[in-house]
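Trainee: I'd like to ask some things about the structure below.
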Amino acid sequence: MKSIYKLLSLVIVGITFACTDVVDVDVPEAAPRLVVEASIDWEKGTSGSDQVIKLSTSVPYFDQLINNEVVGASVKITNDTNGQEFVFTDQGNGNYTTSGFVPVLGQSYTLEIVHNGEVFIARETLTSVTDIAEVNQSVEDGFNDEALEVNVLFDDPADEENYYLFRFQEQGDILPELLDISDEFTNGNQMKVFYEKEEDEDINQTEFESGDIVDIEFFGVSEQYYNYMQLLIEQYGSSGDPFSAVPVPLKGNCINTTNPDMYAYGYFRLTQVVKTTYTFQ
Amino acid sequence: MKKTKEKLLVLFLLLVTIAQAQNNVTVSGILKDAANGETLFGASIFLKGTTIGTVSNEYGFYSLTAPKGNYTLIVSYLGYAEMSRDIVLDTNQKIDLEIQESSTQLEEVVITAEESERVNIRSPQMSVSKIKVETIKQIPVVLGEVDIVKSIQLLPGVVNNGEGSSGFNVRGGAVDQNLVLLDEAIIYNTSHLLGFFSIFNADAIKDVKLYKGGIPARFGGRVSSVLDVRQKDGNSKEFKLTGGLGLISSRLAAEGPMFNDKGSFLIAGRGSYAHLFLKAAGEDNSAYFYDTNLKTNYKIDENNRMYLSGYFGRDEFDFGGNFKSGYGNRSGNLRWNHIFNDRLFSNLSLIYSKYDYELEFDSFEFDWVSSITNYNIKYDLSYYVNDKLKLDFGVNGIYYHFDPGEINPTSETSAINPLKLEQKRAYESGLYLSAEHKLTDKLTANYGLRYSIFNRLGGQYLVDYQNDLPVVYNSTLGIYEEGIEIGETYYKKGKSVKNFGTFEPRISFAYQLNDDTSFKAGYSRTAQYIHLLSNTTSVTPLDVWTPSGKFIKPQISDQYAVGYFRNFSDRKYSLEVEAYYKTVDNRIDYVDGSNLIGQNTIETEILNGEARAYGLELLFRKSKGDFKGWIAYTISKAEQRTLGGASGGPGINNGNWYNSAFDRTHDISMTGSYKLNDKWTFGANAIFQTGRPVTYPNAQYAYEDLTIANYSERNSSRLPAYHRLDLSATYRPNRKPNNKWKGEWVFGLYNVYNRKNAASISFGQNRETGINEATRTAIFGLVPSVTYNFKF
């Protein structure tokens, strides 16, 4: 639904004399914070035992995102029902890993990170995902009825509210495309999402063509994480244009119990995921 | 409630009785333009050598009461030659007056009285700006389209959110806090093409009055301002065609006498055709608008006249065939002017207006229709009690129907389920009495009271929340979340869900130091019961109007203003200085991450807050001679604060005051026109404004292989300052006196030095390099235009 605004601003830019250019802007600088990328994703049909948590710190907006890994933290996840602990090992490069994780659908887990004497806690429940029914391609659908797009179809379960996250990435691209969707307007129906690329010379982007390969990941997510990602994706895509919402600080679920004002950026998520690839014909 | 009405009635009757005096006689009538028979609003009519005077009302009616005797009656109106006429006042009499436009006469008359655009020294009314359409037409504009909404932004205290945004902001108020009336009908969206043009066709408009404060008691329902736009009645003397051909759009208006000279009509149409060029150039996207104005009136007899007016406008967008959108206003008004006697004038209006928008998504195979409709009945009376006292009183009632949206699949294969959001209904009524009272020769007061009632009606389900809290604070995560639903209650149609009543006192004084100088001071309270929900930077046509009710309280504003007014140098120049302070209670704002689209339970996304604004406004004007124009300067501050209240937590922006999106520290506008000779007239605008408050990122981090920005405190940064210069030249070719055809060419240059004023700056990651960038969107660079206007 938010795409309505995105479209509106495209209409404005497309139809009027509007022009856009890249400018230098002075922006405020906030003190660095811990960034937690604790994405515990259980791929359907695997054991889900190998998991990675990434820790880093935030940097000023126009700086390079380098040398900001966090090492020396202690990281563990606890199963809230049986108390089983999964300790993640510091790999010295910002990654903390385990190969013994036991995922249980619908189970609540707690993440605890101790870093520089401060304790960060997050709690989340592992959410299941339905299967992908079909992946196909088309030309006339999508935003541009002359460009190729890949379509992913799945059957939404009727008797519950469902929240989904898609991650598309064409092989060779440096950045993925994220898409959030819920069954708010489509409960119980077969749902379809598509990924299409517009030609854009400024960023050297071309439309899909035969032979292009796209990696597709389809996550079942909790409502709270969905709300977080919806805001993250919206602000990532269109912050500051006249028809986007006023951007706001993004708060995840990793709270700082030692110093509550210094909550961590990022999120502790637990999802079930279906992965596939599609090659354009 | 009933008791209040009775009290008001008693008060009114008392005042009327006191006011009777026997030795006085009254002269009354209708004031018109001699050339086209248009009634004239706001002209001064007074008796020479006395302090007895009045101002013609919206329908040209005037009434003067004076002791018996011989007098010289003087009529004065800016742009018109002053008229004087000797009258013998021995009995009550009716004198209809006609005055000539000064340009059609020799320059023999020296204008000496108060006039509409110049400062009115005596009247306590302050914070009001009246612009005649003739003046607006001389202001250079983008693309050659005369634009009323852009013109009022040249006045102090009025800004908007930049090019390409709808509406306007008055004294730090939001767009929805303006009551916009077109022939008394409420207009919900003033923009065509998302704000590039206004919906008002200057050829069909007679005059425009903007109340920035000190709103008279006869208006209610909005807390910031009233923009009162009146359509022309139509030429009652002869048939005329006017029109214009421009690059973007063209217009045509026809007017003339009808009903055997007992009435007249005006019909005007306007349409854009730039999309045809875009189509021809292979552009898939298109946008166009059109609108029509209609007005007719019929004089039944000396004391009764009927008016019918209508407006229909539409915008259509097509984005590559996959996304279509349309929106528009329509309105109609049937009016009956009745003159009871030479001192009591009345007008009854039946008004309908509707705003709707629709969206069609071919990509997602659904469409969406949303609307707001109202029916309004209004009865206003003016009683010219004596030369010291005039009373205005009346009642009105508005029935609203809100249809926030209906979503329907447009194909068999669509995944979208049909959804109809809850319809909302409400009834708003008002009762007012106000007096313009000359207390002494120097001191005039305007005092009045409006009592407004708002009744949110049933006919819908409302969600019940745990602890009655639609928004709750999650103290663990430090965010606001939707409250917990515990059930639903159905409120029957016609049953009241919630009732509000507000006393709205309005009072102002003018103290005249001398003929050319006065001080004024005023206080007014206004209530607003319907709200436009928009969490986007710019108001869009898709924003939803919603009534007050169980969860949303009415906005209440208190405004205090003082002013100094002075005319100089034989009234060639005038200076107006005003300072104001205003507060608004119950100004809602949106919690972080709110989602307003397709939202049945808006209350779960908002918190009740407050707003305050203060500023100093200066307006220096030259309104006579070949060179005319004004300089307007405003220094101001507009802020809001939204605490957590019953929902808990610190509130939005940690409960701190933050700049409202309409805060501009400095705002300077200069506009001028110079008449070189009968053929050439030149115009110029220069504008400088502090950049609007925006929210910039203060950090970044990697997440999901993307660079994510973290944003700082709400509206804590600013866009670069906005400034530009516009020029125009009007060429009127040689006109033979007998030639009925009169044409003129208007050449315009908008943004002469081609400044790329940022309409917005957005932050994001370059998808090729992965590096963060700030991208500026500038809407109009240098835009040349040419328009040909004609009249015959």
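Each chain in the structure tokens gets a letter, A, B, ..., in the order shown, and its residues are numbered from 1; ligands are numbered from 1 in order too.
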Pick out the residues sitting within 7 Å of region 782-784 of chain B, and hand them over as an NGL selection string; count only C-alpha atoms, and ignore anything fewer than 5 positions along from it in its own chain.
Mentor: :B and (142-143 or 748-754)
Trainee: Keeping C-alpha atoms for every residue in the selection just given, could you write it to a file as a short mmCIF file (atom, residue, chain, number, x, y, z; two decimals), in the first residue's frame?
Mentor:
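Saved the output as again_36.cif:
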```cif
data_model
loop_
_atom_site.label_atom_id
_atom_site.label_comp_id
_atom_site.auth_asym_id
_atom_site.auth_seq_id
_atom_site.Cartn_x
_atom_site.Cartn_y
_atom_site.Cartn_z
CA VAL B 142 4.51 29.62 -13.23
CA LEU B 143 3.35 28.45 -16.64
CA GLY B 748 6.38 35.10 -17.98
CA LEU B 749 9.66 33.88 -16.58
CA TYR B 750 9.37 31.85 -13.40
CA ASN B 751 12.50 31.36 -11.32
CA VAL B 752 14.61 33.65 -13.49
CA TYR B 753 18.00 32.67 -12.11
CA ASN B 754 17.09 29.00 -12.32
#
```
Trainee: Report as a list of chain:residue names all protein, DNA and RNA residues lying within 7 Å of Leu153 (chain A), evaluated on only C-alpha atoms, omitting residues in the same chain fewer than 5 positions from it.
Mentor: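 The residues satisfying every condition are A:Ile132, A:Ala133, A:Glu134, A:Val135, A:Gln190, A:Met191, A:Lys192, A:Val193.
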Trainee: Which residue, B:Ala426, B:Gln559, B:Ser309, B:Gln700, has the smallest gap to Tyr61 (chain A) when you use only C-alpha atoms?
Mentor: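 Once distances to Tyr61 (chain A) are computed over only C-alpha atoms, the minimum belongs to B:Gln700.
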Trainee: Take CA of Ser49 (chain A) and CA of Thr97 (chain A) and report the distance between them in Å, one decimal.
Mentor: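 Between CA of Ser49 (chain A) and CA of Thr97 (chain A) the gap is 10.1 Å.
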Trainee: Kindly provide the residues of chain B that approach chain A to within 7 Å, each paired with its closest atom pair and their distance in Å to one decimal, based on only C-alpha atoms, listed by chain and increasing number, as JSON lines.
Mentor:
```
{"residue": "B:Asn285", "atom": "CA", "partner": "A:Ile15", "partner_atom": "CA", "distance": 6.7}
{"residue": "B:Ser286", "atom": "CA", "partner": "A:Ile15", "partner_atom": "CA", "distance": 6.6}
{"residue": "B:Phe319", "atom": "CA", "partner": "A:Val11", "partner_atom": "CA", "distance": 6.6}
{"residue": "B:Gly320", "atom": "CA", "partner": "A:Asn144", "partner_atom": "CA", "distance": 7.0}
{"residue": "B:Asn322", "atom": "CA", "partner": "A:Phe143", "partner_atom": "CA", "distance": 6.0}
{"residue": "B:Ser363", "atom": "CA", "partner": "A:Gly142", "partner_atom": "CA", "distance": 5.3}
{"residue": "B:Ala415", "atom": "CA", "partner": "A:Met191", "partner_atom": "CA", "distance": 5.7}
{"residue": "B:Ile416", "atom": "CA", "partner": "A:Thr186", "partner_atom": "CA", "distance": 4.9}
{"residue": "B:Asn417", "atom": "CA", "partner": "A:Thr186", "partner_atom": "CA", "distance": 5.3}
{"residue": "B:Leu477", "atom": "CA", "partner": "A:Asn253", "partner_atom": "CA", "distance": 5.8}
{"residue": "B:Asn535", "atom": "CA", "partner": "A:Ala245", "partner_atom": "CA", "distance": 5.3}
{"residue": "B:Thr536", "atom": "CA", "partner": "A:Ala245", "partner_atom": "CA", "distance": 4.0}
{"residue": "B:Thr537", "atom": "CA", "partner": "A:Pro242", "partner_atom": "CA", "distance": 5.2}
{"residue": "B:Ser538", "atom": "CA", "partner": "A:Pro242", "partner_atom": "CA", "distance": 5.3}
{"residue": "B:Asp592", "atom": "CA", "partner": "A:Val248", "partner_atom": "CA", "distance": 5.9}
{"residue": "B:Gly593", "atom": "CA", "partner": "A:Leu231", "partner_atom": "CA", "distance": 5.9}
{"residue": "B:Ile597", "atom": "CA", "partner": "A:Met1", "partner_atom": "CA", "distance": 6.8}
{"residue": "B:Thr695", "atom": "CA", "partner": "A:Pro247", "partner_atom": "CA", "distance": 6.4}
{"residue": "B:Tyr696", "atom": "CA", "partner": "A:Val27", "partner_atom": "CA", "distance": 6.2}
{"residue": "B:Pro697", "atom": "CA", "partner": "A:Val27", "partner_atom": "CA", "distance": 6.5}
{"residue": "B:Asn698", "atom": "CA", "partner": "A:Glu29", "partner_atom": "CA", "distance": 4.6}
{"residue": "B:Ala699", "atom": "CA", "partner": "A:Pro60", "partner_atom": "CA", "distance": 4.5}
{"residue": "B:Gln700", "atom": "CA", "partner": "A:Tyr61", "partner_atom": "CA", "distance": 4.9}
{"residue": "B:Tyr701", "atom": "CA", "partner": "A:Ser58", "partner_atom": "CA", "distance": 4.8}
{"residue": "B:Tyr703", "atom": "CA", "partner": "A:Glu37", "partner_atom": "CA", "distance": 6.4}
{"residue": "B:Asp705", "atom": "CA", "partner": "A:Leu175", "partner_atom": "CA", "distance": 6.6}
{"residue": "B:Leu706", "atom": "CA", "partner": "A:Leu175", "partner_atom": "CA", "distance": 6.6}
{"residue": "B:Ile708", "atom": "CA", "partner": "A:Tyr236", "partner_atom": "CA", "distance": 6.5}
{"residue": "B:Ala709", "atom": "CA", "partner": "A:Tyr61", "partner_atom": "CA", "distance": 6.9}
{"residue": "B:Asn710", "atom": "CA", "partner": "A:Pro249", "partner_atom": "CA", "distance": 5.6}
{"residue": "B:Tyr711", "atom": "CA", "partner": "A:Pro249", "partner_atom": "CA", "distance": 4.8}
{"residue": "B:Ser712", "atom": "CA", "partner": "A:Pro249", "partner_atom": "CA", "distance": 6.3}
{"residue": "B:Arg714", "atom": "CA", "partner": "A:Val248", "partner_atom": "CA", "distance": 6.9}
{"residue": "B:Ser760", "atom": "CA", "partner": "A:Asp241", "partner_atom": "CA", "distance": 5.7}
{"residue": "B:Ile761", "atom": "CA", "partner": "A:Gly240", "partner_atom": "CA", "distance": 5.7}
{"residue": "B:Ser762", "atom": "CA", "partner": "A:Gly240", "partner_atom": "CA", "distance": 4.3}
{"residue": "B:Phe763", "atom": "CA", "partner": "A:Ser239", "partner_atom": "CA", "distance": 6.2}
{"residue": "B:Gly764", "atom": "CA", "partner": "A:Tyr236", "partner_atom": "CA", "distance": 6.3}
{"residue": "B:Arg767", "atom": "CA", "partner": "A:Ile203", "partner_atom": "CA", "distance": 6.3}
{"residue": "B:Glu768", "atom": "CA", "partner": "A:Ile203", "partner_atom": "CA", "distance": 5.0}
{"residue": "B:Asn772", "atom": "CA", "partner": "A:Phe62", "partner_atom": "CA", "distance": 6.2}
{"residue": "B:Glu773", "atom": "CA", "partner": "A:Val22", "partner_atom": "CA", "distance": 6.6}
{"residue": "B:Ala774", "atom": "CA", "partner": "A:Val22", "partner_atom": "CA", "distance": 5.7}
{"residue": "B:Thr775", "atom": "CA", "partner": "A:Val22", "partner_atom": "CA", "distance": 4.4}
{"residue": "B:Arg776", "atom": "CA", "partner": "A:Thr20", "partner_atom": "CA", "distance": 5.4}
{"residue": "B:Thr777", "atom": "CA", "partner": "A:Thr20", "partner_atom": "CA", "distance": 4.4}
{"residue": "B:Ala778", "atom": "CA", "partner": "A:Cys19", "partner_atom": "CA", "distance": 5.5}
{"residue": "B:Ile779", "atom": "CA", "partner": "A:Ala18", "partner_atom": "CA", "distance": 3.9}
{"residue": "B:Phe780", "atom": "CA", "partner": "A:Phe17", "partner_atom": "CA", "distance": 5.9}
```
Trainee: Using the selection just defined, write its residues with C-alpha atoms as a compact mmCIF listing (two decimals), in the first residue's frame.
Mentor:
```txt
# COMPACT_ATOMS: atom_id res chain seq x y z
CA ASN B 285 2.58 8.80 -18.04
CA SER B 286 -0.02 11.48 -18.28
CA PHE B 319 1.01 6.07 -14.81
CA GLY B 320 2.02 3.87 -17.69
CA ASN B 322 -0.68 0.33 -14.57
CA SER B 363 -0.61 -4.31 -11.41
CA ALA B 415 -5.80 -11.72 -4.86
CA ILE B 416 -7.46 -8.73 -3.19
CA ASN B 417 -10.52 -9.32 -1.03
CA LEU B 477 10.89 -1.73 23.21
CA ASN B 535 1.61 11.50 7.96
CA THR B 536 3.39 12.42 4.77
CA THR B 537 5.50 15.50 4.27
CA SER B 538 3.10 16.96 1.73
CA ASP B 592 6.46 6.49 14.65
CA GLY B 593 5.81 4.03 11.86
CA ILE B 597 -3.76 3.72 4.32
CA THR B 695 14.35 15.02 9.49
CA TYR B 696 17.87 14.02 8.47
CA PRO B 697 19.80 10.83 9.24
CA ASN B 698 22.37 10.92 12.03
CA ALA B 699 23.92 7.46 11.64
CA GLN B 700 24.06 4.42 9.40
CA TYR B 701 24.62 0.71 9.83
CA TYR B 703 21.53 -4.73 7.99
CA ASP B 705 23.40 -6.30 3.32
CA LEU B 706 21.83 -2.85 3.01
CA ILE B 708 20.23 1.57 6.88
CA ALA B 709 19.94 5.17 8.01
CA ASN B 710 18.94 6.11 11.50
CA TYR B 711 16.99 9.35 11.67
CA SER B 712 17.43 12.07 14.23
CA ARG B 714 11.65 14.94 14.29
CA SER B 760 12.87 17.60 -0.81
CA ILE B 761 16.18 15.95 -0.05
CA SER B 762 16.08 12.21 0.25
CA PHE B 763 18.75 9.91 1.58
CA GLY B 764 19.55 6.52 0.19
CA ARG B 767 22.30 0.83 -5.93
CA GLU B 768 25.27 0.64 -8.26
CA ASN B 772 25.06 6.75 0.62
CA GLU B 773 23.81 9.79 -1.24
CA ALA B 774 21.62 12.79 -0.60
CA THR B 775 19.35 13.43 -3.56
CA ARG B 776 17.68 16.77 -4.10
CA THR B 777 14.40 17.02 -5.97
CA ALA B 778 13.80 20.44 -7.48
CA ILE B 779 10.47 20.93 -9.17
CA PHE B 780 10.71 24.06 -11.26
```
Trainee: Hey, what does DSSP flag as strand (DSSP E) within region 716-787 of chain B? Can you give it to me as a PDB file with C-alpha atoms, in the first residue's frame?
Mentor:
```pdb
ATOM      1  CA  SER B 717      17.141  19.860  10.396  1.00  0.00           C
ATOM      2  CA  ARG B 718      16.166  22.209   7.577  1.00  0.00           C
ATOM      3  CA  TYR B 722      14.066  28.744  -0.735  1.00  0.00           C
ATOM      4  CA  HIS B 723      14.344  31.774  -2.998  1.00  0.00           C
ATOM      5  CA  ARG B 724      13.467  32.810  -6.517  1.00  0.00           C
ATOM      6  CA  LEU B 725      12.621  35.736  -8.757  1.00  0.00           C
ATOM      7  CA  ASP B 726       9.800  35.809 -11.316  1.00  0.00           C
ATOM      8  CA  LEU B 727       9.188  38.358 -14.050  1.00  0.00           C
ATOM      9  CA  SER B 728       6.298  39.012 -16.360  1.00  0.00           C
ATOM     10  CA  ALA B 729       5.403  41.411 -19.124  1.00  0.00           C
ATOM     11  CA  THR B 730       1.934  42.098 -20.461  1.00  0.00           C
ATOM     12  CA  TYR B 731       1.511  43.532 -23.912  1.00  0.00           C
ATOM     13  CA  LYS B 742      -9.485  43.059 -26.647  1.00  0.00           C
ATOM     14  CA  GLY B 743      -6.460  40.842 -26.536  1.00  0.00           C
ATOM     15  CA  GLU B 744      -3.294  40.742 -24.482  1.00  0.00           C
ATOM     16  CA  TRP B 745      -0.114  38.707 -24.425  1.00  0.00           C
ATOM     17  CA  VAL B 746       1.382  37.717 -21.094  1.00  0.00           C
ATOM     18  CA  PHE B 747       5.006  36.630 -21.146  1.00  0.00           C
ATOM     19  CA  GLY B 748       6.384  35.096 -17.983  1.00  0.00           C
ATOM     20  CA  LEU B 749       9.664  33.884 -16.577  1.00  0.00           C
ATOM     21  CA  TYR B 750       9.370  31.846 -13.399  1.00  0.00           C
ATOM     22  CA  ALA B 758      14.915  21.687  -2.975  1.00  0.00           C
ATOM     23  CA  ALA B 759      11.355  20.459  -2.736  1.00  0.00           C
ATOM     24  CA  SER B 760      12.870  17.599  -0.813  1.00  0.00           C
ATOM     25  CA  ILE B 761      16.179  15.945  -0.053  1.00  0.00           C
ATOM     26  CA  SER B 762      16.082  12.211   0.253  1.00  0.00           C
ATOM     27  CA  PHE B 763      18.755   9.907   1.576  1.00  0.00           C
ATOM     28  CA  GLY B 764      19.552   6.517   0.194  1.00  0.00           C
ATOM     29  CA  GLN B 765      22.112   4.078  -1.024  1.00  0.00           C
ATOM     30  CA  ASN B 772      25.064   6.747   0.615  1.00  0.00           C
ATOM     31  CA  GLU B 773      23.814   9.794  -1.243  1.00  0.00           C
ATOM     32  CA  ALA B 774      21.616  12.788  -0.602  1.00  0.00           C
ATOM     33  CA  THR B 775      19.354  13.430  -3.559  1.00  0.00           C
ATOM     34  CA  ARG B 776      17.680  16.768  -4.096  1.00  0.00           C
ATOM     35  CA  THR B 777      14.405  17.023  -5.970  1.00  0.00           C
ATOM     36  CA  ALA B 778      13.803  20.438  -7.482  1.00  0.00           C
ATOM     37  CA  VAL B 783      10.116  28.143 -16.678  1.00  0.00           C
ATOM     38  CA  PRO B 784       9.178  30.504 -19.495  1.00  0.00           C
ATOM     39  CA  SER B 785       5.547  30.874 -20.444  1.00  0.00           C
ATOM     40  CA  VAL B 786       3.331  32.740 -22.810  1.00  0.00           C
ATOM     41  CA  THR B 787      -0.427  33.165 -22.607  1.00  0.00           C
TER      42      THR B 787
END
```
Trainee: Please list as a list in words every residue within 8 Å of Val128 (chain B), counting only C-alpha atoms and excluding residues in the same chain fewer than 2 positions away.
Mentor: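 Near Val128 (chain B), the qualifying residues are Gln125, Met126, Lys130, Lys209, Leu210, Tyr211, Lys212, Gly213 and Gly214 of chain B.
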Trainee: Return as a count of residues only the full set of residues in region 412-656 of chain B whose backbone-based DSSP assignment is helix (DSSP H, G or I).
Mentor: 16
Trainee: Which value, in Å to one decimal, gives the distance between CA of Thr681 (chain B) and CA of Glu134 (chain B)?
Mentor: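 Value for the CA of Thr681 (chain B)-CA of Glu134 (chain B) distance: 13.1 Å.
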Trainee: Please indicate the distance in Å from CA of Val395 (chain B) to CA of Glu38 (chain B), rounded to one decimal place.
Mentor: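 The value is 27.2 Å.
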Trainee: From the set A:Thr279, A:Trp42, A:Asn259, A:Phe86, which residue has the shortest atom-to-atom contact distance to Asn151 (chain A), counting only C-alpha atoms?
Mentor: A:Thr279
Trainee: For Leu439 (chain B), which residue out of B:Gly549, B:Ile248, B:Pro124, B:Ser346 is the nearest one, using only C-alpha atoms?
Mentor: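 Of the candidates, the smallest distance to Leu439 (chain B) is held by B:Pro124.
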Trainee: List the spatial neighbours of Thr135 (chain B) as a PDB file with C-alpha atoms, in the first residue's frame - criterion: any atom at most 12 Å away, only C-alpha atoms, same-chain residues fewer than 2 positions off excluded.
Mentor:
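And here is the file that came out, part.pdb:
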```
ATOM      1  CA  LEU B  78     -10.048  50.636  -4.942  1.00  0.00           C
ATOM      2  CA  GLY B  79      -9.678  50.603  -8.701  1.00  0.00           C
ATOM      3  CA  SER B 116     -10.437  47.286   0.291  1.00  0.00           C
ATOM      4  CA  GLU B 117      -6.811  46.427  -0.288  1.00  0.00           C
ATOM      5  CA  LYS B 130      -8.365  40.875   0.556  1.00  0.00           C
ATOM      6  CA  ILE B 131      -6.998  40.558  -2.933  1.00  0.00           C
ATOM      7  CA  LYS B 132      -8.916  41.458  -6.010  1.00  0.00           C
ATOM      8  CA  VAL B 133      -8.640  39.123  -8.914  1.00  0.00           C
ATOM      9  CA  LYS B 137      -3.778  38.598 -12.506  1.00  0.00           C
ATOM     10  CA  GLN B 138      -0.818  40.970 -12.479  1.00  0.00           C
ATOM     11  CA  ILE B 139       1.368  38.669 -10.384  1.00  0.00           C
ATOM     12  CA  PRO B 140       3.838  36.602 -12.436  1.00  0.00           C
ATOM     13  CA  VAL B 146      -3.151  32.759 -12.714  1.00  0.00           C
ATOM     14  CA  ASP B 147      -3.234  31.104  -9.321  1.00  0.00           C
ATOM     15  CA  ILE B 148      -5.123  32.365  -6.304  1.00  0.00           C
ATOM     16  CA  SER B 151      -0.905  34.604  -4.770  1.00  0.00           C
ATOM     17  CA  ILE B 152      -1.993  34.528  -1.154  1.00  0.00           C
ATOM     18  CA  ALA B 202      -9.441  33.401 -12.067  1.00  0.00           C
ATOM     19  CA  LYS B 206     -14.723  38.048  -8.245  1.00  0.00           C
ATOM     20  CA  ASP B 207     -12.763  38.382  -5.059  1.00  0.00           C
ATOM     21  CA  VAL B 208     -10.790  36.544  -2.464  1.00  0.00           C
ATOM     22  CA  SER B 623      -1.543  50.794  -3.926  1.00  0.00           C
ATOM     23  CA  LYS B 628       2.128  49.238  -7.285  1.00  0.00           C
ATOM     24  CA  GLY B 629       3.172  46.404  -5.075  1.00  0.00           C
ATOM     25  CA  TRP B 630       4.040  45.230  -1.631  1.00  0.00           C
ATOM     26  CA  THR B 671       5.762  41.770  -5.549  1.00  0.00           C
ATOM     27  CA  GLY B 672       5.296  44.699  -7.827  1.00  0.00           C
ATOM     28  CA  SER B 673       3.779  45.791 -11.095  1.00  0.00           C
ATOM     29  CA  GLY B 683       5.474  42.500 -13.003  1.00  0.00           C
TER      30      GLY B 683
END
```
Trainee: Using only C-alpha atoms, which of A:Gln169, A:Gln281, A:Asn79, A:Thr271 sits nearest Glu223 (chain A)?
Mentor: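 Closest candidate: A:Thr271.
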Trainee: Select, from A:Leu126, A:Ile121, A:Val87, A:Ile77, the residue with the minimum atom-to-atom distance to Leu105 (chain A), counting only C-alpha atoms.
Mentor: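 Among the listed residues, the smallest separation from Leu105 (chain A) belongs to A:Leu126.
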Trainee: Need the shell around Leu89 (chain B): protein/DNA/RNA residues with any atom at most 6 Å away, counting only C-alpha atoms. Skip same-chain ones fewer than 4 positions apart. Format as a VMD selection string?
Mentor: chain B and resid 68 to 70
